[in-house]
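One structure below.
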Protein chains: 4
Amino acid sequence: MGEILIMSNIYGKNIKISIFGQSHSSAIGVTIDGLPAGFQVNFDELRVFLQRRMPGQGSHTTSRKEPDEPEFLSGLVNGITCGAPLTAIIRNTDVRSDDYEQLRDIPRPSHADYAAYIKYGKAHDVRGGGHFSGRLTAPLCIAGGICLQILWQKEIEIAAHIKSIGNISNSDFDTEIAAVRAQGDSLGGIIECSAIGVPAGIGEPMFDGMENRLASILLGIPAVKGVEFGNGFEAVALRGSENNDSFYYEEGRIKTRTNNHGGILGGITSGMPIIFRVAIKPTASIALEQDSVNLKTHENTKLKITGRHDPCIVPRAVPCVEAAAAIAIYDALLDPRGYI
Amino acid sequence: MGEILIMSNIYGKNIKISIFGQSHSSAIGVTIDGLPAGFQVNFDELRVFLQRRMPGQGSHTTSRKEPDEPEFLSGLVNGITCGAPLTAIIRNTDVRSDDYEQLRDIPRPSHADYAAYIKYGKAHDVRGGGHFSGRLTAPLCIAGGICLQILWQKEIEIAAHIKSIGNISNSDFDTEIAAVRAQGDSLGGIIECSAIGVPAGIGEPMFDGMENRLASILLGIPAVKGVEFGNGFEAVALRGSENNDSFYYEEGRIKTRTNNHGGILGGITSGMPIIFRVAIKPTASIALEQDSVNLKTHENTKLKITGRHDPCIVPRAVPCVEAAAAIAIYDALLDPRGYI
Amino acid sequence: MGEILIMSNIYGKNIKISIFGQSHSSAIGVTIDGLPAGFQVNFDELRVFLQRRMPGQGSHTTSRKEPDEPEFLSGLVNGITCGAPLTAIIRNTDVRSDDYEQLRDIPRPSHADYAAYIKYGKAHDVRGGGHFSGRLTAPLCIAGGICLQILWQKEIEIAAHIKSIGNISNSDFDTEIAAVRAQGDSLGGIIECSAIGVPAGIGEPMFDGMENRLASILLGIPAVKGVEFGNGFEAVALRGSENNDSFYYEEGRIKTRTNNHGGILGGITSGMPIIFRVAIKPTASIALEQDSVNLKTHENTKLKITGRHDPCIVPRAVPCVEAAAAIAIYDALLDPRGYI
Amino acid sequence: MGEILIMSNIYGKNIKISIFGQSHSSAIGVTIDGLPAGFQVNFDELRVFLQRRMPGQGSHTTSRKEPDEPEFLSGLVNGITCGAPLTAIIRNTDVRSDDYEQLRDIPRPSHADYAAYIKYGKAHDVRGGGHFSGRLTAPLCIAGGICLQILWQKEIEIAAHIKSIGNISNSDFDTEIAAVRAQGDSLGGIIECSAIGVPAGIGEPMFDGMENRLASILLGIPAVKGVEFGNGFEAVALRGSENNDSFYYEEGRIKTRTNNHGGILGGITSGMPIIFRVAIKPTASIALEQDSVNLKTHENTKLKITGRHDPCIVPRAVPCVEAAAAIAIYDALLDPRGYI
């Protein structure tokens with residue numbers, strides 16, 4: 001009888017997002033506990049949102065076809081939330097298990113394979129990355145897509161965009177991605193996200209601040225290796241007099257002339273737009289041959305990953321970042337309020 | 001009867017660190033729930049550790065004198081943990097309330113004052129930043145200092161250092177800080193931290209990953225505006241073939257030739273050193289006159305902050321980062337393990 | 001835009017049991033987060049266990065036919081847990097929505113209808129009790145059935161039995177149930193449960209004691225209105241000298257001569273069998289006409305409930321109590337352990 | 001290096017009550033995280049409330065003198081909550097450690113001594129029951145006393161009373177207690193509590209129901225071995241037609257003619273008074289000689305407990321039950337509300 005660590009996949013303080021499934025299990029899905037009763041989900045908008053993260057869309061993404069059409073098992077009556085937990089699943093269909101056989105013994109560099117092997121042992125579902133697959137961002141987007149719709153009703157808008165891919169900022173990324181794909185290599189990038197309309201006073205000091213809560217969920221998106229708020233790491237090169245954001249009144253409302261603080265002060269929203277950026281590392285799965293180890297023979301070995309892989313997941317990660325932000329912000333909006 | 005938001009100040013999944021107190025309340029303190037029974041606290045080492053974050057140490061820090069000697073109220077018998085929650089407090093003594101009177105109406109730019117005013121209303125303890133004061137990192141360091149001692153027993157070492165202050169990297173920072181202090185201005189910086197000896201397999205996928213848990217607590221340190229793991233934001237300029245960390249066997253152990261992943265893959269530790277950096281913004285309290293608003297008269301106004309303030313808190317934040325990392329890593333080490 | 005309360009349906013500190021679905025939604029189900037990797041589920045045993053709570057088994061239960069065959073969507077590879085969250089669903093098939101139409105306006109006495117109407121408004125899924133249906137104990141039994149299997153491996157046995165139905169103790173209950181059914185009325189009862197083999201030292205003082213954790217989940221079973229441990233409410237008629245359980249050594253092990261404490265002292269297990277009882281009120285749905293109100297017309301009215309209803313759910317609740325106890329005890333066994 | 005279980009002492013979903021201290025540590029105390037800002041604590045009323053649980057009040061309680069005057073360390077400015085965590089401590093003064101020396105080796109029957117020894121080993125603070133002491137209900141009453149004051153503002157009243165002591169119901173209990181004290185023995189009893197004015201719709205289905213949450217905290221009061229809601233265990237002897245509570249309109253409000261459900265249906269409040277009872281076992285510490293074991297010599301032995309002990313803690317437990325109920329109900333009132 002061995003000792004094996006166990007895990008948790010639930011996010012949220014007021015709503016609880018519980019994500020389940022592996023890349024090659026029967027289905028993947030999400031349960032959202034804590035949605036208010038009486039909200040009419042707009043399924044057309046949700047479908048459009050989910051398509052933004054779907055593979056097989058452009059020339060530079062994996063050619064695996066996934067309709068990714070969610071089936072709603074519970075929590076709705078005639079498309080309206082009823083207060084009970086909402087569960088949606090997506091069936092896994094276009095699956096070729098044999099692509100992954102060699103990975104059981106030879107962990108892919110900079111993938112979760114090795115860490116998962118240590119944690120779960122031989123029982124780990126190695127097929128397609130198992131529970132660590134980027135495919136698990138689909139249920140995240142279902143949950144986030146619904147939260148986005150609720151936030152729209154409150155006139156809160158969240159929008160993310162690509163800030164850079166590789167070394168290239170604000171330009172046509174497609175040529176670069178195509179070139180790198182041809183070389184069997186991959187690219188990362190930076191995604192910037194803003195949330196407009198979040199009222200001042202949301203979030204809590206110390207460990208439940210708006211920054212902490214955003215970072216907690218954003219770092220759950222595979223390949224995210226850094227998060228910064230406002231001007232983030234650039235702030236360190238400024239003096240206080242340059243970095244401080246002056247307050248002023250405009251049309252009766254308090255604003256700041258600059259927004260280096262990214263809409264969050266002391267963990268609490270200031271009413272200014274929330275701004276943050278995430279760093280996404282280059283896709284770990286590349287076609288080029290790499291050095292690795294054979295866990296069975298205990299020898300150094302070469303690894304050549306076959307199968308279909310995105311040379312750059314940054315474009316598909318944009319809606320995931322919006323989804324994560326929507327969940328974190330909606331959750332914070334639900335923080336208990338004391339009546340005295 | 002108004003509606004007022006309330007807050008939470010507890011960190012941890014297995015141990016619970018609960019921090020209380022305001023800058024000018026009778027005392028500040030921390031309760032650590034979940035320490036194992038039978039651990040002999042080394043109070044001399046703890047005192048040395050706490051002194052590293054104390055003000056009044058060097059020429060460039062605030063001149064407020066704080067002995068910061070903790071009193072242990074519970075959880076110990078003869079200096080050994082007994083299994084009950086450990087509570088330690090530090091009395092607030094050298095307090096000049098009158099320094100802060102004007103701040104009730106005029107929020108300091110890039111401070112929590114305004115957000116706290118929106119959240120807590122007139123009841124907010126504005127004195128010295130109240131619960132948002134950097135002084136609250138003292139109890140964080142008590143908790144972290146004890147966790148560091150437990151980790152040492154497990155041969156896990158955590159060490160942070162200043163990577164840059166302002167634009168200056170790896171050099172003598174003191175001259176720069178003195179110059180900026182003379183100008184009534186302030187500086188930020190980057191702190192880098194590594195944890196060596198953390199076994200592979202710690203942390204959980206998605207939302208309870210080692211990265212998420214470190215970010216959650218690190219962003220609770222005042223002035224931290226960004227966190228990155230491994231090569232973080234620099235990874236985005238690399239190709240996958242450059243960024244991936246090859247595995248190899250060395251003396252029977254699996255290692256990676258580079259450590260761009262910062263010791264964490266898929267949220268789970270790889271056994272390589274954990275490496276991360278935090279961005280600390282320039283101290284918001286500066287002597288230079290700034291633009292702000294008067295919350296009472298609803299007019300734009302000028303603000304000149306008096307009193308003692310660090311022109312650069314980065315040196316004092318180094319032990320805070322170590323403390324936060326120690327808490328997060330020790331907490332993750334305690335994750336439940338299934339026996340099957 | 002109204003203000004509507006929201007809800008949470010997750011149990012557990014180390015494993016997380018998240019139950020979803022309504023009586024008449026597409027499916028009901030459960031996600032178990034935190035099962036150890038490498039456990040071989042015995043599906044035959046699980047099926048036998050689930051059949052014990054199925055309706056349509058005996059003469060005295062509802063005639064609704066539910067195969068209740070769970071489909072496992074995730075968390076397993078070849079029937080072995082892989083460390084990822086395990087999700088199982090049961091499709092709702094034999095559903096007659098029209099049975100429940102009148103209930104939208106006329107709440108059934110001693111049902112959740114009225115409270116749910118206040119909480120969720122018109123959006124509440126009134127069909128078959130919605131999320132409050134006893135049917136939701138099926139996913140509880142899936143989760144509990146798996147926990148029971150893990151506990152068996154650790155030589156921990158949990159067994160519940162009917163202690164009384166109505167006024168009748170330890171006898172043939174079937175005649176009484178048949179008689180009451182013929183009268184259009186219903187019966188409650190007491191279920192007693194014991195857990196043998198739980199090691200001493202499990203559970204925590206105060207709010208995470210073994211008693212608190214058992215009560216938390218047991219009171220989640222519909223119709224449970226009381227929980228008592230050891231001799232419970234009978235203890236109050238005894239003197240300390242009669243109620244105290246003397247310690248003694250037997251074959252090198254410490255035992256107590258009596259077990260009035262029900263295996264739990266100060267919230268922590270003593271190594272003696274855990275003993276507790278739950279009170280199950282008579283089924284609220286009865287065929288006899290009752291007084292109620294019409295929420296639409298705001299008038300007092302009569303209500304006659306049609307459709308199929310158990311006159312006594314106590315027999316079917318026995319495996320639910322075992323399932324709940326297994327989840328609570330397994331969860332407590334996973335409490336973090338400090339190594340010092 | 002041994003393996004030792006660790007523990008948690010925090011209650012609450014929205015407010016967090018964290019209790020610390022041991023019977024003979026420097027101090028005991030409580031941190032309440034989540035109180036709304038702006039509440040004026042009435043310290044005179046709080047003092048009166050705390051005196052109700054103080055020992056040395058009547059002829060039948062322990063003669064230990066405890067002023068139990070709380071010192072408030074944080075969370076207040078001029079007696080008004082400021083939104084930061086409120087911490088109050090009570091110094092332990094009248095302490096005679098030598099009374100408890102023999103208990104290190106000889107566990108008292110039906111006390112937590114033995115379970116704590118297994119859990120915490122030799123490091124356990126055995127003095128006065130350590131963290132398991134009934135004295136820890138003093139900080140519970142500080143927290144509960146403040147919650148009671150907030151609830152009064154909302155016109156919610158909570159009141160508990162003794163329903164029976166030993167075999168005696170609704171009568172003069174003092175004679176019985178005096179007689180039992182003279183015999184060196186002890187008595188238990190039943191406390192009944194009601195909460196009036198709690199609005200309908202509070203609490204959540206399944207595991208976060210109002211019943212589950214009340215039971216969770218009530219079972220944290222030492223010596224409580226059972227909890228029942230409404231008519232509880234008596235319901236099982238009734239038929240559904242007798243036990244169901246008919247709805248009717250009275251002055252435009254929906255009420256039930258009887259209140260067998262104790263104000264809670266499906267875990268959610270109905271607007272009727274919440275009614276529950278707890279069973280308190282006879283005090284385990286009695287003067288009469290008892291059988292126990294010597295953990296050091298591994299032999300059966302006799303134990304004669306010396307020192308001061310209440311022959312009946314039921315009267316002092318009444319305010320503790322009110323405090324616990326106030327905390328649970330106020331916490332549930334703070335459950336997040338979705339705006340749609």
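Labels for the structure tokens follow display order: chains A, B, ..., residues from 1 in each chain, ligands from 1.
In the backbone-derived DSSP annotation, alpha helix (DSSP H) within range 199-321 of chain C comprises C:Met210, C:Glu211, C:Asn212, C:Arg213, C:Leu214, C:Ala215, C:Ser216, C:Ile217, C:Leu218, C:Gly240, C:Ser241, C:Glu242, C:Asn243, C:Val314, C:Pro315, C:Arg316, C:Ala317, C:Val318, C:Pro319, C:Cys320, C:Val321.
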Cut-off 9 Å: closest chain A/chain C atom pairs per residue, using only C-alpha atoms, as JSON lines:
```
{"residue": "A:Glu3", "atom": "CA", "partner": "C:Pro36", "partner_atom": "CA", "distance": 8.6}
{"residue": "A:Ile4", "atom": "CA", "partner": "C:Pro36", "partner_atom": "CA", "distance": 6.1}
{"residue": "A:Leu5", "atom": "CA", "partner": "C:Pro36", "partner_atom": "CA", "distance": 6.6}
{"residue": "A:Ile6", "atom": "CA", "partner": "C:Gly34", "partner_atom": "CA", "distance": 4.9}
{"residue": "A:Met7", "atom": "CA", "partner": "C:Gly34", "partner_atom": "CA", "distance": 4.8}
{"residue": "A:Ser8", "atom": "CA", "partner": "C:Asp33", "partner_atom": "CA", "distance": 5.7}
{"residue": "A:Asn9", "atom": "CA", "partner": "C:Asp33", "partner_atom": "CA", "distance": 6.9}
{"residue": "A:Ile10", "atom": "CA", "partner": "C:Asp33", "partner_atom": "CA", "distance": 8.5}
{"residue": "A:Asn14", "atom": "CA", "partner": "C:Ser8", "partner_atom": "CA", "distance": 8.3}
{"residue": "A:Ile15", "atom": "CA", "partner": "C:Ser8", "partner_atom": "CA", "distance": 7.8}
{"residue": "A:Lys16", "atom": "CA", "partner": "C:Ser8", "partner_atom": "CA", "distance": 7.7}
{"residue": "A:Ser18", "atom": "CA", "partner": "C:Ser18", "partner_atom": "CA", "distance": 8.2}
{"residue": "A:Ile19", "atom": "CA", "partner": "C:Pro85", "partner_atom": "CA", "distance": 7.9}
{"residue": "A:Phe20", "atom": "CA", "partner": "C:Pro85", "partner_atom": "CA", "distance": 5.5}
{"residue": "A:Gly21", "atom": "CA", "partner": "C:Ser74", "partner_atom": "CA", "distance": 4.8}
{"residue": "A:Gln22", "atom": "CA", "partner": "C:Ser74", "partner_atom": "CA", "distance": 6.5}
{"residue": "A:His24", "atom": "CA", "partner": "C:Ser74", "partner_atom": "CA", "distance": 8.9}
{"residue": "A:Ser25", "atom": "CA", "partner": "C:Ser74", "partner_atom": "CA", "distance": 5.4}
{"residue": "A:Ser26", "atom": "CA", "partner": "C:Leu73", "partner_atom": "CA", "distance": 5.0}
{"residue": "A:Ala27", "atom": "CA", "partner": "C:Leu73", "partner_atom": "CA", "distance": 5.3}
{"residue": "A:Ile28", "atom": "CA", "partner": "C:Ser74", "partner_atom": "CA", "distance": 7.1}
{"residue": "A:Gly29", "atom": "CA", "partner": "C:Leu73", "partner_atom": "CA", "distance": 8.9}
{"residue": "A:Thr31", "atom": "CA", "partner": "C:Phe20", "partner_atom": "CA", "distance": 7.6}
{"residue": "A:Asp33", "atom": "CA", "partner": "C:Ser8", "partner_atom": "CA", "distance": 5.6}
{"residue": "A:Gly34", "atom": "CA", "partner": "C:Met7", "partner_atom": "CA", "distance": 4.8}
{"residue": "A:Leu35", "atom": "CA", "partner": "C:Ile6", "partner_atom": "CA", "distance": 6.2}
{"residue": "A:Pro36", "atom": "CA", "partner": "C:Ile6", "partner_atom": "CA", "distance": 5.2}
{"residue": "A:Ala37", "atom": "CA", "partner": "C:Tyr120", "partner_atom": "CA", "distance": 5.5}
{"residue": "A:Gly38", "atom": "CA", "partner": "C:Ala123", "partner_atom": "CA", "distance": 5.1}
{"residue": "A:Phe39", "atom": "CA", "partner": "C:Ala123", "partner_atom": "CA", "distance": 8.5}
{"residue": "A:Phe72", "atom": "CA", "partner": "C:Ser26", "partner_atom": "CA", "distance": 7.7}
{"residue": "A:Leu73", "atom": "CA", "partner": "C:Ser26", "partner_atom": "CA", "distance": 5.0}
{"residue": "A:Ser74", "atom": "CA", "partner": "C:Gly21", "partner_atom": "CA", "distance": 4.8}
{"residue": "A:Gly75", "atom": "CA", "partner": "C:Gly21", "partner_atom": "CA", "distance": 6.5}
{"residue": "A:Leu76", "atom": "CA", "partner": "C:Ser25", "partner_atom": "CA", "distance": 7.7}
{"residue": "A:Val77", "atom": "CA", "partner": "C:Asp125", "partner_atom": "CA", "distance": 6.6}
{"residue": "A:Ile80", "atom": "CA", "partner": "C:Ala123", "partner_atom": "CA", "distance": 7.1}
{"residue": "A:Thr81", "atom": "CA", "partner": "C:Ala123", "partner_atom": "CA", "distance": 6.9}
{"residue": "A:Cys82", "atom": "CA", "partner": "C:His124", "partner_atom": "CA", "distance": 4.7}
{"residue": "A:Gly83", "atom": "CA", "partner": "C:Tyr120", "partner_atom": "CA", "distance": 6.1}
{"residue": "A:Ala84", "atom": "CA", "partner": "C:His131", "partner_atom": "CA", "distance": 6.0}
{"residue": "A:Pro85", "atom": "CA", "partner": "C:Phe20", "partner_atom": "CA", "distance": 5.5}
{"residue": "A:Leu86", "atom": "CA", "partner": "C:Phe20", "partner_atom": "CA", "distance": 7.2}
{"residue": "A:Thr87", "atom": "CA", "partner": "C:Phe20", "partner_atom": "CA", "distance": 6.9}
{"residue": "A:Arg91", "atom": "CA", "partner": "C:Leu73", "partner_atom": "CA", "distance": 8.8}
{"residue": "A:Lys119", "atom": "CA", "partner": "C:Gly83", "partner_atom": "CA", "distance": 8.6}
{"residue": "A:Tyr120", "atom": "CA", "partner": "C:Ala37", "partner_atom": "CA", "distance": 5.5}
{"residue": "A:Gly121", "atom": "CA", "partner": "C:Ala37", "partner_atom": "CA", "distance": 7.5}
{"residue": "A:Lys122", "atom": "CA", "partner": "C:Gly38", "partner_atom": "CA", "distance": 7.7}
{"residue": "A:Ala123", "atom": "CA", "partner": "C:Cys82", "partner_atom": "CA", "distance": 4.9}
{"residue": "A:His124", "atom": "CA", "partner": "C:Cys82", "partner_atom": "CA", "distance": 4.7}
{"residue": "A:Asp125", "atom": "CA", "partner": "C:Cys82", "partner_atom": "CA", "distance": 5.8}
{"residue": "A:Gly130", "atom": "CA", "partner": "C:Ala84", "partner_atom": "CA", "distance": 8.2}
{"residue": "A:His131", "atom": "CA", "partner": "C:Ala84", "partner_atom": "CA", "distance": 6.0}
```
Store the residues picked out above in a file with N, CA and C atoms, as a short mmCIF file (atom, residue, chain, number, x, y, z; two decimals), in the first residue's frame.
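Full text of again_18.cif as output:
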```cif
data_model
loop_
_atom_site.label_atom_id
_atom_site.label_comp_id
_atom_site.auth_asym_id
_atom_site.auth_seq_id
_atom_site.Cartn_x
_atom_site.Cartn_y
_atom_site.Cartn_z
N GLU A 3 1.75 5.47 -0.55
CA GLU A 3 1.20 6.73 -0.09
C GLU A 3 1.16 7.68 -1.29
N ILE A 4 -0.01 8.17 -1.58
CA ILE A 4 -0.16 8.96 -2.80
C ILE A 4 -0.88 10.26 -2.48
N LEU A 5 -0.36 11.33 -2.99
CA LEU A 5 -0.97 12.63 -2.74
C LEU A 5 -2.26 12.78 -3.53
N ILE A 6 -3.18 13.55 -3.00
CA ILE A 6 -4.45 13.75 -3.67
C ILE A 6 -4.64 15.22 -3.99
N MET A 7 -5.71 15.54 -4.72
CA MET A 7 -5.77 16.88 -5.26
C MET A 7 -7.16 17.52 -5.23
N SER A 8 -7.17 18.78 -5.49
CA SER A 8 -8.39 19.57 -5.43
C SER A 8 -8.49 20.46 -6.65
N ASN A 9 -9.66 20.61 -7.20
CA ASN A 9 -9.83 21.35 -8.44
C ASN A 9 -11.02 22.29 -8.38
N ILE A 10 -11.14 22.95 -7.25
CA ILE A 10 -12.29 23.80 -7.03
C ILE A 10 -11.80 25.23 -6.81
N ASN A 14 -17.37 32.22 -3.09
CA ASN A 14 -18.82 32.33 -3.02
C ASN A 14 -19.49 31.47 -4.08
N ILE A 15 -19.04 31.57 -5.31
CA ILE A 15 -19.39 30.53 -6.27
C ILE A 15 -18.25 29.53 -6.24
N LYS A 16 -18.57 28.29 -6.52
CA LYS A 16 -17.55 27.25 -6.54
C LYS A 16 -17.54 26.64 -7.94
N SER A 18 -16.05 23.78 -10.07
CA SER A 18 -15.39 22.49 -9.91
C SER A 18 -15.24 21.85 -11.28
N ILE A 19 -13.98 21.68 -11.71
CA ILE A 19 -13.70 21.19 -13.06
C ILE A 19 -13.28 19.74 -13.01
N PHE A 20 -13.84 18.92 -13.90
CA PHE A 20 -13.49 17.51 -13.90
C PHE A 20 -13.22 17.03 -15.32
N GLY A 21 -12.59 15.86 -15.40
CA GLY A 21 -12.35 15.27 -16.71
C GLY A 21 -10.89 15.22 -17.06
N GLN A 22 -10.57 14.32 -17.98
CA GLN A 22 -9.24 14.22 -18.55
C GLN A 22 -9.36 14.35 -20.07
N HIS A 24 -8.75 12.35 -22.34
CA HIS A 24 -9.29 11.19 -23.03
C HIS A 24 -10.29 10.41 -22.20
N SER A 25 -10.90 11.05 -21.16
CA SER A 25 -11.98 10.38 -20.43
C SER A 25 -13.27 10.50 -21.23
N SER A 26 -14.35 9.90 -20.77
CA SER A 26 -15.61 9.96 -21.52
C SER A 26 -16.03 11.40 -21.76
N ALA A 27 -15.84 12.21 -20.77
CA ALA A 27 -16.28 13.60 -20.88
C ALA A 27 -15.44 14.47 -19.97
N ILE A 28 -15.47 15.75 -20.23
CA ILE A 28 -14.95 16.75 -19.32
C ILE A 28 -16.12 17.65 -18.93
N GLY A 29 -15.98 18.41 -17.86
CA GLY A 29 -17.11 19.24 -17.50
C GLY A 29 -16.84 20.12 -16.31
N THR A 31 -18.97 21.96 -12.73
CA THR A 31 -20.13 22.27 -11.91
C THR A 31 -19.93 23.65 -11.32
N ASP A 33 -21.45 26.00 -8.58
CA ASP A 33 -22.33 26.01 -7.42
C ASP A 33 -22.40 27.45 -6.92
N GLY A 34 -23.58 28.00 -6.83
CA GLY A 34 -23.71 29.33 -6.29
C GLY A 34 -24.21 30.37 -7.29
N LEU A 35 -24.57 29.93 -8.49
CA LEU A 35 -25.19 30.88 -9.42
C LEU A 35 -26.54 31.31 -8.86
N PRO A 36 -26.89 32.57 -9.02
CA PRO A 36 -28.20 33.00 -8.55
C PRO A 36 -29.31 32.37 -9.39
N ALA A 37 -30.44 32.16 -8.77
CA ALA A 37 -31.60 31.65 -9.51
C ALA A 37 -32.18 32.75 -10.38
N GLY A 38 -32.74 32.38 -11.54
CA GLY A 38 -33.47 33.33 -12.37
C GLY A 38 -32.68 33.96 -13.48
N PHE A 39 -31.44 33.50 -13.71
CA PHE A 39 -30.65 34.09 -14.79
C PHE A 39 -30.85 33.29 -16.08
N PHE A 72 -25.99 20.46 -20.94
CA PHE A 72 -26.29 20.95 -19.59
C PHE A 72 -27.11 19.89 -18.86
N LEU A 73 -26.52 19.36 -17.78
CA LEU A 73 -27.17 18.25 -17.07
C LEU A 73 -28.09 18.72 -15.96
N SER A 74 -27.81 19.87 -15.40
CA SER A 74 -28.58 20.28 -14.21
C SER A 74 -28.45 21.78 -14.00
N GLY A 75 -29.28 22.30 -13.12
CA GLY A 75 -29.17 23.70 -12.71
C GLY A 75 -30.00 24.66 -13.54
N LEU A 76 -30.64 24.14 -14.59
CA LEU A 76 -31.42 25.00 -15.47
C LEU A 76 -32.83 24.43 -15.62
N VAL A 77 -33.80 25.34 -15.74
CA VAL A 77 -35.14 24.95 -16.17
C VAL A 77 -35.50 25.88 -17.31
N ILE A 80 -33.09 28.74 -17.80
CA ILE A 80 -32.96 29.71 -16.70
C ILE A 80 -32.40 29.01 -15.47
N THR A 81 -31.40 29.63 -14.83
CA THR A 81 -30.84 29.02 -13.63
C THR A 81 -31.91 28.90 -12.56
N CYS A 82 -31.88 27.76 -11.85
CA CYS A 82 -32.92 27.52 -10.84
C CYS A 82 -32.37 27.57 -9.42
N GLY A 83 -31.08 27.87 -9.27
CA GLY A 83 -30.50 27.94 -7.94
C GLY A 83 -29.72 26.70 -7.56
N ALA A 84 -30.03 25.58 -8.21
CA ALA A 84 -29.28 24.35 -7.95
C ALA A 84 -27.97 24.39 -8.74
N PRO A 85 -26.98 23.59 -8.35
CA PRO A 85 -25.70 23.62 -9.06
C PRO A 85 -25.89 23.33 -10.55
N LEU A 86 -25.20 24.11 -11.37
CA LEU A 86 -25.27 23.93 -12.82
C LEU A 86 -24.09 23.06 -13.26
N THR A 87 -24.41 21.95 -13.92
CA THR A 87 -23.35 21.08 -14.44
C THR A 87 -23.46 20.99 -15.95
N ARG A 91 -18.52 15.91 -24.28
CA ARG A 91 -18.03 14.56 -24.55
C ARG A 91 -16.69 14.63 -25.28
N LYS A 119 3.50 12.17 -8.49
CA LYS A 119 2.36 12.40 -7.58
C LYS A 119 1.36 11.24 -7.62
N TYR A 120 1.04 10.76 -8.81
CA TYR A 120 -0.04 9.77 -8.92
C TYR A 120 0.47 8.38 -9.27
N GLY A 121 1.74 8.29 -9.60
CA GLY A 121 2.30 6.98 -9.92
C GLY A 121 1.78 6.45 -11.24
N LYS A 122 1.82 5.15 -11.38
CA LYS A 122 1.44 4.52 -12.64
C LYS A 122 -0.03 4.71 -12.97
N ALA A 123 -0.84 5.04 -11.97
CA ALA A 123 -2.27 5.20 -12.22
C ALA A 123 -2.60 6.50 -12.95
N HIS A 124 -1.66 7.42 -13.03
CA HIS A 124 -1.91 8.70 -13.71
C HIS A 124 -2.39 8.47 -15.14
N ASP A 125 -3.38 9.24 -15.54
CA ASP A 125 -3.91 9.15 -16.90
C ASP A 125 -3.01 9.97 -17.83
N GLY A 130 -3.94 14.00 -19.76
CA GLY A 130 -4.92 13.67 -18.72
C GLY A 130 -5.64 14.89 -18.21
N HIS A 131 -5.63 15.05 -16.90
CA HIS A 131 -6.33 16.17 -16.27
C HIS A 131 -5.55 17.48 -16.45
#
```
- request: Would you mind reading off the distance between CA of Ala115 in chain C and CA of Gly271 in chain D, one decimal, in Å?
  value: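 Those two atoms sit 8.5 Å apart.
Reported to one decimal place, the separation of CA of Ile158 in chain A from CA of Pro205 in chain B is 25.5 Å.
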message: I'd like the neighbourhood of Leu333 in chain C as a PyMOL selection string, where a residue qualifies if any of its atoms comes within 12 Å (using only C-alpha atoms), though same-chain residues fewer than 4 positions away should be ignored.
response: (chain B and resi 336-339) or (chain C and resi 12-15+147+150-151+154+156+197-204+209-210+213+268-269+326-329+337) or (chain D and resi 5-6)
- request: Enumerate the residues of range 116-313 of chain C with a DSSP assignment of strand (DSSP E), computed from the backbone, and present them as a PyMOL selection string.
  value: chain C and resi 157-165+168-169+189-196+224-229+247-250+253-256+264-265+268-269+274-280+290-294+299-303
- request: Extract, using only C-alpha atoms, all DNA, RNA and protein residues at most 12 Å from Ser164 in chain D, discarding same-chain residues fewer than 5 positions from it, and format them as a ChimeraX atom specification.
  value: /C:233-237 /D:169-174,176-177,187-192,277-281,312,314-315,318
field: Given only C-alpha atoms as the counted atoms, nearest of C:Cys193, C:Ser216, C:Glu322, C:Lys302 to Ile146 in chain C
entry: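 Answer, going by the shortest atom-to-atom distance: C:Glu322.
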task: Point out the residue among C:Ser241, C:Asn300, C:Gln290, C:Thr306 with the least atom-to-atom distance to Arg253 in chain D, counting only C-alpha atoms.
output: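 Counting only C-alpha atoms, the residue closest to Arg253 in chain D is C:Asn300.
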